[in-house]
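Student: Dumping the structure here so I can ask a few things about it.
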Amino acid sequence: MSRVIALTGATGFIGSALVKRLGADGFVVRALYRQSRASLPIQGPNIHWVPGQLDDPGSLERLVEGSETIIHCAGAVRGSERRHFERVNTEGVARMVRAAMQTHPSPRFLLLSSLAAREPQLSYYAASKRKAEELLRADGHQLNWVALRPPAVYGPGDREITPLFKLMGKGVAPQASPRQARISMLYIDDLVAAIVTLLAQDDWHRFIFELHDGHPGGYRWDDVAHAVAGVTDRTVHTFRLPRAAIRSAAVVNMLAARVFGYAPMLSPGKVREIEHPDWTCDNATITTQIGWQPTTGLTDGIRKTFVFLGVIPDKRNRPTRGTRHADI
Ligand SMILES: NC(=O)c1ccc[n+]([C@@H]2O[C@H](COP(=O)([O-])OP(=O)(O)OC[C@H]3O[C@@H](n4cnc5c(N)ncnc54)[C@H](OP(=O)(O)O)[C@@H]3O)[C@@H](O)[C@H]2O)c1
């Protein structure tokens with residue numbers, strides 16, 4: 001079996017972790033990159049960088065040519081316009097599926113979707129990911145495909161959750177979600193391991209898999225703060241941010257983004273996602289189907305991330321002092 005993999009999103013958080021692992025495992029990786037980038041995250045004898053982008057079908061055809069598997073990981077995770085999310089997350093998938101079907105024999109197709117796809121009414125991002133899944137199901141009927149719906153993924157290289165961990169590491173844990181809201185989480189290496197496990201399967205049966213770090217029922221924000229307190233051996237104060245303030249900040253940020261031309265992470269849609277009470281998921285299907293199991297729990301994952309960042313020295317393992325809570 002050919003071990004050539006076409007990968008998109010290879011310059012991002014999840015994609016660059018994948019390139020490293022797949023390269024180290026001896027796969028030949030053909031990785032898409034946008035030429036606007038100043039640098040590439042990794043080089044190696046079996047990593048071939050292919051210039052292009054999702055709205056350039058010719059570059060996608062060159063990318064997938066001769067590959068046995070496509071891992072489509074590129075995606076827009078921040079922005080203010082519905083059109084932006086649809087262009088990258090939905091139409092990008094449509095073009096990748098087309099490129100896959102025009103290649104003979106057609107490669108297997110793995111889509112990095114998101115748990116957000118479960119609640120498409122919440123945000124442009126969530127809607128665009130759900131539409132992409134529906135499109136893959138409808139247009140990719142001749143393909144051997146699978147989609148993953150990761151929850152919040154964190155670890156070295158992440159720019160969304162790790163800044164919050166770092167803030168908690170300094171002793172404060174602002175909470176924007178409702179007190180009882182629960183989220184599942186996943187350490188980056190476990191997500192990569194799930195993909196590597198899938199690559200070893202002969203057939204993908206057009207499943208959409210959820211996956212998490214092995215903690216059923218996920219976490220409340222207090223649990224996350226408690227884990228950071230344990231890792232850093234300091235008291236972490238959690239406090240609720242007033243809802244009205246977050247919503248106003250999101251509106252102001254979105255307007256500023258439109259004026260100054262940047263892609264905002266905090267938007268009204270993101271606030272609706274944050275306020276959603278249940279972002280927990282279930283490993284039962286993926287574990288039954290492919291035998292993957294996570295190995296890194298939350299405390300361990302935060303410790304590894306903090307060691308990587310130099311926030312704590314390696315092998316530090318002191319007892320938890322605990323968290324204190326205050327509402328404002
Ligand atoms: N991180 C999470 O917690 C999480 C959770 C669930 C699902 N996901 C999904 O996982 C995927 C990767 O997320 P991430 O956290 O790694 O995001 P990221 O760090 O922002 O990386 C996004 C990647 O997509 C590429 N990209 C964006 N627009 C593109 C375009 N028009 N043409 C070509 N490439 C384009 C980026 O290229 P540049 O480097 O050139 O910008 C980058 O390589 C996304 O589909 C996301 O929806 C992420």
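Chains: A, B, ... in order of the structure tokens. Residues: from 1 per chain. Ligands: from 1, in order shown.
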Please give the complete set of residues from stretch 89-289 of chain A that DSSP, run on the backbone, assigns to strand (DSSP E or B), formatted as JSON, numbers by chain.

Tutor: {"A": [108, 109, 110, 111, 112, 145, 146, 147, 148, 149, 152, 153, 154, 172, 173, 174, 175, 182, 183, 185, 186, 187, 207, 208, 209, 210, 219, 236, 237, 238, 239, 240, 278, 279]}

Student: Excluding stretch 77-94 of chain A and residues on its chain fewer than 4 positions from it, collect all residues at most 10 Å away from it, counting only C-alpha atoms, and give them as a ChimeraX atom specification.

Tutor: /A:53-57,60,72-73,98-100,111,113,123-136,139-140,160,251,253-255,257-258,261-270

Student: Could you list, as a PyMOL selection string, all protein and nucleic acid residues with an atom at most 6 Å from ligand 1, counting only C-alpha atoms and all ligand atoms?

Tutor: chain A and resi 9-15+33-34+37+53-54+73-77+88+112-114+150-153

Student: How would the residues just chosen look if you wrote them out with N, CA and C atoms as a PDB file, in the first residue's frame?

Tutor:
```
ATOM      1  N   GLY A   9      -3.731  22.312   5.679  1.00  0.00           N
ATOM      2  CA  GLY A   9      -3.685  22.881   7.042  1.00  0.00           C
ATOM      3  C   GLY A   9      -2.407  22.531   7.778  1.00  0.00           C
ATOM      4  N   ALA A  10      -1.390  22.105   7.005  1.00  0.00           N
ATOM      5  CA  ALA A  10      -0.161  21.578   7.615  1.00  0.00           C
ATOM      6  C   ALA A  10       0.645  22.638   8.342  1.00  0.00           C
ATOM      7  N   THR A  11       0.332  23.916   8.113  1.00  0.00           N
ATOM      8  CA  THR A  11       1.076  24.978   8.795  1.00  0.00           C
ATOM      9  C   THR A  11       0.377  25.417  10.077  1.00  0.00           C
ATOM     10  N   GLY A  12      -0.798  24.865  10.367  1.00  0.00           N
ATOM     11  CA  GLY A  12      -1.556  25.267  11.554  1.00  0.00           C
ATOM     12  C   GLY A  12      -1.195  24.433  12.771  1.00  0.00           C
ATOM     13  N   PHE A  13      -1.920  24.650  13.854  1.00  0.00           N
ATOM     14  CA  PHE A  13      -1.655  23.962  15.126  1.00  0.00           C
ATOM     15  C   PHE A  13      -1.759  22.441  14.973  1.00  0.00           C
ATOM     16  N   ILE A  14      -2.915  21.957  14.507  1.00  0.00           N
ATOM     17  CA  ILE A  14      -3.124  20.505  14.419  1.00  0.00           C
ATOM     18  C   ILE A  14      -2.314  19.931  13.255  1.00  0.00           C
ATOM     19  N   GLY A  15      -2.339  20.638  12.122  1.00  0.00           N
ATOM     20  CA  GLY A  15      -1.650  20.138  10.941  1.00  0.00           C
ATOM     21  C   GLY A  15      -0.150  19.999  11.139  1.00  0.00           C
ATOM     22  N   TYR A  33       0.767  24.447   1.383  1.00  0.00           N
ATOM     23  CA  TYR A  33       1.058  25.687   2.139  1.00  0.00           C
ATOM     24  C   TYR A  33       0.743  26.889   1.270  1.00  0.00           C
ATOM     25  N   ARG A  34       0.363  27.974   1.940  1.00  0.00           N
ATOM     26  CA  ARG A  34       0.087  29.208   1.209  1.00  0.00           C
ATOM     27  C   ARG A  34       1.383  30.002   1.112  1.00  0.00           C
ATOM     28  N   ARG A  37       2.960  32.659   3.489  1.00  0.00           N
ATOM     29  CA  ARG A  37       3.621  32.345   4.771  1.00  0.00           C
ATOM     30  C   ARG A  37       5.106  32.654   4.723  1.00  0.00           C
ATOM     31  N   GLN A  53      -3.664  26.906  -2.480  1.00  0.00           N
ATOM     32  CA  GLN A  53      -4.697  27.232  -1.503  1.00  0.00           C
ATOM     33  C   GLN A  53      -6.035  26.633  -1.895  1.00  0.00           C
ATOM     34  N   LEU A  54      -6.962  26.698  -0.946  1.00  0.00           N
ATOM     35  CA  LEU A  54      -8.207  25.956  -1.134  1.00  0.00           C
ATOM     36  C   LEU A  54      -9.051  26.492  -2.278  1.00  0.00           C
ATOM     37  N   CYS A  73      -7.277  19.173   6.765  1.00  0.00           N
ATOM     38  CA  CYS A  73      -7.234  19.766   8.102  1.00  0.00           C
ATOM     39  C   CYS A  73      -7.339  21.291   8.043  1.00  0.00           C
ATOM     40  N   ALA A  74      -7.171  21.870   6.851  1.00  0.00           N
ATOM     41  CA  ALA A  74      -7.226  23.335   6.750  1.00  0.00           C
ATOM     42  C   ALA A  74      -8.621  23.817   7.127  1.00  0.00           C
ATOM     43  N   GLY A  75      -8.685  24.931   7.783  1.00  0.00           N
ATOM     44  CA  GLY A  75      -9.983  25.477   8.131  1.00  0.00           C
ATOM     45  C   GLY A  75      -9.840  26.878   8.693  1.00  0.00           C
ATOM     46  N   ALA A  76     -10.940  27.631   8.605  1.00  0.00           N
ATOM     47  CA  ALA A  76     -10.966  28.957   9.215  1.00  0.00           C
ATOM     48  C   ALA A  76     -11.603  28.803  10.591  1.00  0.00           C
ATOM     49  N   VAL A  77     -10.879  29.186  11.634  1.00  0.00           N
ATOM     50  CA  VAL A  77     -11.423  29.071  12.993  1.00  0.00           C
ATOM     51  C   VAL A  77     -11.776  30.437  13.575  1.00  0.00           C
ATOM     52  N   VAL A  88     -13.973  29.046   3.142  1.00  0.00           N
ATOM     53  CA  VAL A  88     -12.857  28.169   3.530  1.00  0.00           C
ATOM     54  C   VAL A  88     -13.377  26.798   3.977  1.00  0.00           C
ATOM     55  N   LEU A 112     -11.149  16.860   8.989  1.00  0.00           N
ATOM     56  CA  LEU A 112     -11.121  17.402  10.350  1.00  0.00           C
ATOM     57  C   LEU A 112     -12.320  18.327  10.489  1.00  0.00           C
ATOM     58  N   SER A 113     -13.409  17.798  11.040  1.00  0.00           N
ATOM     59  CA  SER A 113     -14.575  18.644  11.293  1.00  0.00           C
ATOM     60  C   SER A 113     -14.416  19.226  12.695  1.00  0.00           C
ATOM     61  N   SER A 114     -15.493  19.347  13.427  1.00  0.00           N
ATOM     62  CA  SER A 114     -15.413  19.913  14.780  1.00  0.00           C
ATOM     63  C   SER A 114     -16.671  19.513  15.537  1.00  0.00           C
ATOM     64  N   PRO A 150     -13.386  16.744  16.709  1.00  0.00           N
ATOM     65  CA  PRO A 150     -12.692  16.959  17.978  1.00  0.00           C
ATOM     66  C   PRO A 150     -13.402  18.045  18.798  1.00  0.00           C
ATOM     67  N   PRO A 151     -13.281  17.939  20.136  1.00  0.00           N
ATOM     68  CA  PRO A 151     -13.766  19.028  20.988  1.00  0.00           C
ATOM     69  C   PRO A 151     -12.652  20.072  21.069  1.00  0.00           C
ATOM     70  N   ALA A 152     -12.469  20.730  22.218  1.00  0.00           N
ATOM     71  CA  ALA A 152     -11.375  21.703  22.374  1.00  0.00           C
ATOM     72  C   ALA A 152     -10.046  20.956  22.408  1.00  0.00           C
ATOM     73  N   VAL A 153      -9.189  21.226  21.435  1.00  0.00           N
ATOM     74  CA  VAL A 153      -7.882  20.564  21.349  1.00  0.00           C
ATOM     75  C   VAL A 153      -6.836  21.546  21.868  1.00  0.00           C
TER      76      VAL A 153
END
```

Student: Counting only C-alpha atoms, what is within 10 Å of stretch 184-195 of chain A, bar same-chain residues fewer than 6 positions away, as a count of residues only?

Tutor: 55

Student: For the alpha helix (DSSP H) assignment from backbone DSSP, which residues of stretch 51-296 of chain A qualify? Please present them as a PyMOL selection string.

Tutor: chain A and resi 57-64+82-85+91-102+124-139+162-169+188-199+221-232+243-260+268-275+284-290

Student: Pull C-alpha atoms from the residues just selected and write them as a compact mmCIF listing (two decimals), in the first residue's frame.

Tutor:
```txt
# COMPACT_ATOMS: atom_id res chain seq x y z
CA PRO A 57 -8.46 23.82 -7.72
CA GLY A 58 -5.32 23.32 -9.83
CA SER A 59 -3.11 23.39 -6.72
CA LEU A 60 -5.41 20.88 -5.00
CA GLU A 61 -5.18 18.50 -7.95
CA ARG A 62 -1.37 18.73 -7.82
CA LEU A 63 -1.51 18.14 -4.05
CA VAL A 64 -3.60 14.96 -4.15
CA ARG A 82 -20.47 34.07 7.22
CA ARG A 83 -19.00 34.22 3.73
CA HIS A 84 -15.45 33.81 5.03
CA PHE A 85 -16.28 30.62 6.97
CA GLU A 91 -16.38 25.34 -0.32
CA GLY A 92 -12.82 24.28 0.58
CA VAL A 93 -14.13 20.80 1.40
CA ALA A 94 -16.16 20.76 -1.83
CA ARG A 95 -13.01 21.48 -3.86
CA MET A 96 -10.97 18.88 -1.97
CA VAL A 97 -13.68 16.24 -2.52
CA ARG A 98 -13.75 17.12 -6.22
CA ALA A 99 -9.96 16.85 -6.45
CA ALA A 100 -10.12 13.46 -4.69
CA MET A 101 -12.78 12.11 -7.05
CA GLN A 102 -10.87 13.27 -10.13
CA TYR A 124 -21.07 30.85 11.23
CA TYR A 125 -18.13 28.59 12.10
CA ALA A 126 -20.35 25.79 13.42
CA ALA A 127 -22.72 26.08 10.44
CA SER A 128 -19.86 25.96 7.95
CA LYS A 129 -18.41 22.81 9.56
CA ARG A 130 -21.81 21.08 9.58
CA LYS A 131 -22.42 21.97 5.93
CA ALA A 132 -19.00 20.54 5.09
CA GLU A 133 -19.92 17.22 6.71
CA GLU A 134 -23.23 17.15 4.80
CA LEU A 135 -21.41 17.92 1.59
CA LEU A 136 -18.90 15.14 2.17
CA ARG A 137 -21.74 12.72 2.85
CA ALA A 138 -23.61 13.75 -0.32
CA ASP A 139 -20.81 14.40 -2.83
CA THR A 162 -3.19 27.69 25.97
CA PRO A 163 -3.31 31.49 26.57
CA LEU A 164 -6.17 30.81 29.01
CA PHE A 165 -4.12 28.09 30.74
CA LYS A 166 -1.24 30.57 31.03
CA LEU A 167 -3.52 33.17 32.59
CA MET A 168 -4.73 30.53 35.05
CA GLY A 169 -1.09 29.72 35.72
CA ILE A 188 -3.05 17.20 20.59
CA ASP A 189 -0.95 14.01 20.65
CA ASP A 190 -4.07 11.91 21.26
CA LEU A 191 -5.84 13.48 18.29
CA VAL A 192 -2.79 12.75 16.13
CA ALA A 193 -2.71 9.18 17.50
CA ALA A 194 -6.38 8.72 16.55
CA ILE A 195 -5.56 9.77 12.98
CA VAL A 196 -2.55 7.44 12.86
CA THR A 197 -4.79 4.60 14.12
CA LEU A 198 -7.28 5.37 11.35
CA LEU A 199 -4.49 5.27 8.77
CA TRP A 221 -14.29 25.46 33.98
CA ASP A 222 -13.60 25.05 37.71
CA ASP A 223 -12.16 21.59 37.00
CA VAL A 224 -9.81 23.06 34.41
CA ALA A 225 -8.69 25.77 36.86
CA HIS A 226 -8.20 23.07 39.49
CA ALA A 227 -5.99 21.08 37.11
CA VAL A 228 -3.86 24.17 36.39
CA ALA A 229 -3.61 24.82 40.13
CA GLY A 230 -2.32 21.29 40.60
CA VAL A 231 0.25 21.60 37.85
CA THR A 232 1.55 25.04 38.86
CA ARG A 243 -22.41 38.24 30.26
CA ALA A 244 -23.27 41.71 29.01
CA ALA A 245 -19.59 42.71 29.04
CA ILE A 246 -18.53 39.69 26.97
CA ARG A 247 -21.30 40.21 24.47
CA SER A 248 -20.46 43.91 24.13
CA ALA A 249 -16.75 43.12 23.75
CA ALA A 250 -17.59 40.64 20.97
CA VAL A 251 -19.67 43.20 19.07
CA VAL A 252 -16.95 45.86 19.40
CA ASN A 253 -14.28 43.36 18.36
CA MET A 254 -16.29 42.32 15.31
CA LEU A 255 -16.79 45.92 14.20
CA ALA A 256 -13.10 46.68 14.75
CA ALA A 257 -12.19 43.58 12.74
CA ARG A 258 -14.29 44.78 9.83
CA VAL A 259 -12.73 48.25 9.97
CA PHE A 260 -9.11 47.12 10.45
CA PRO A 268 -21.03 37.11 18.82
CA GLY A 269 -21.03 33.59 17.33
CA LYS A 270 -18.04 32.60 19.47
CA VAL A 271 -19.87 33.95 22.55
CA ARG A 272 -22.88 31.77 21.71
CA GLU A 273 -20.52 28.79 21.43
CA ILE A 274 -18.92 29.66 24.79
CA GLU A 275 -22.32 30.02 26.46
CA ALA A 284 -17.76 4.82 22.48
CA THR A 285 -18.09 4.67 18.68
CA ILE A 286 -14.50 5.46 17.78
CA THR A 287 -13.10 3.08 20.39
CA THR A 288 -15.39 0.27 19.24
CA GLN A 289 -14.72 0.88 15.56
CA ILE A 290 -10.97 1.45 15.45
```

Student: Please indicate the distance in Å from atom CA of A:Gln35 to atom CA of A:Gly52, rounded to one decimal place.

Tutor: 7.1 Å

Student: Rank nothing, just name the residue among A:Gln201, A:Ser106, A:Asn283, A:Thr299 nearest to A:Leu143, using only C-alpha atoms.

Tutor: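 Closest residue, counting only C-alpha atoms: A:Ser106.
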
Student: Env of A:Pro105: 10 Å cut, atoms = only C-alpha atoms, seq-sep filter 5 positions within chain, self excluded. Answer as a list of chain:residue names.

Tutor: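 Near A:Pro105, the qualifying residues are A:Glu65, A:Gly66, A:Ser67, A:Glu68, A:Ala100.
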
Student: Convert the current residue selection to file output with all heavy atoms, as a compact mmCIF listing (two decimals), in the first residue's frame.

Tutor:
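out_37.txt written:
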```
# COMPACT_ATOMS: atom_id res chain seq x y z
N GLU A 65 -2.51 14.36 -6.26
CA GLU A 65 -2.00 13.44 -7.28
C GLU A 65 -1.07 12.38 -6.67
O GLU A 65 -0.11 12.71 -5.99
CB GLU A 65 -1.23 14.27 -8.34
CG GLU A 65 -0.76 13.48 -9.54
CD GLU A 65 -1.94 12.99 -10.38
OE1 GLU A 65 -2.86 13.77 -10.64
OE2 GLU A 65 -1.91 11.79 -10.75
N GLY A 66 -1.41 11.12 -6.86
CA GLY A 66 -0.54 10.03 -6.39
C GLY A 66 -0.65 9.73 -4.90
O GLY A 66 0.10 8.91 -4.39
N SER A 67 -1.58 10.37 -4.21
CA SER A 67 -1.69 10.09 -2.77
C SER A 67 -2.70 8.97 -2.50
O SER A 67 -3.66 8.80 -3.25
CB SER A 67 -2.08 11.35 -2.00
OG SER A 67 -3.35 11.77 -2.42
N GLU A 68 -2.45 8.26 -1.44
CA GLU A 68 -3.33 7.15 -1.06
C GLU A 68 -4.41 7.66 -0.10
O GLU A 68 -5.50 7.10 -0.01
CB GLU A 68 -2.49 6.05 -0.42
CG GLU A 68 -3.24 4.82 0.04
CD GLU A 68 -3.39 4.78 1.55
OE1 GLU A 68 -2.60 5.44 2.24
OE2 GLU A 68 -4.31 4.11 2.02
N ALA A 100 -10.29 14.88 -5.04
CA ALA A 100 -10.12 13.46 -4.69
C ALA A 100 -10.82 12.57 -5.71
O ALA A 100 -10.27 11.54 -6.13
CB ALA A 100 -10.70 13.21 -3.29
```
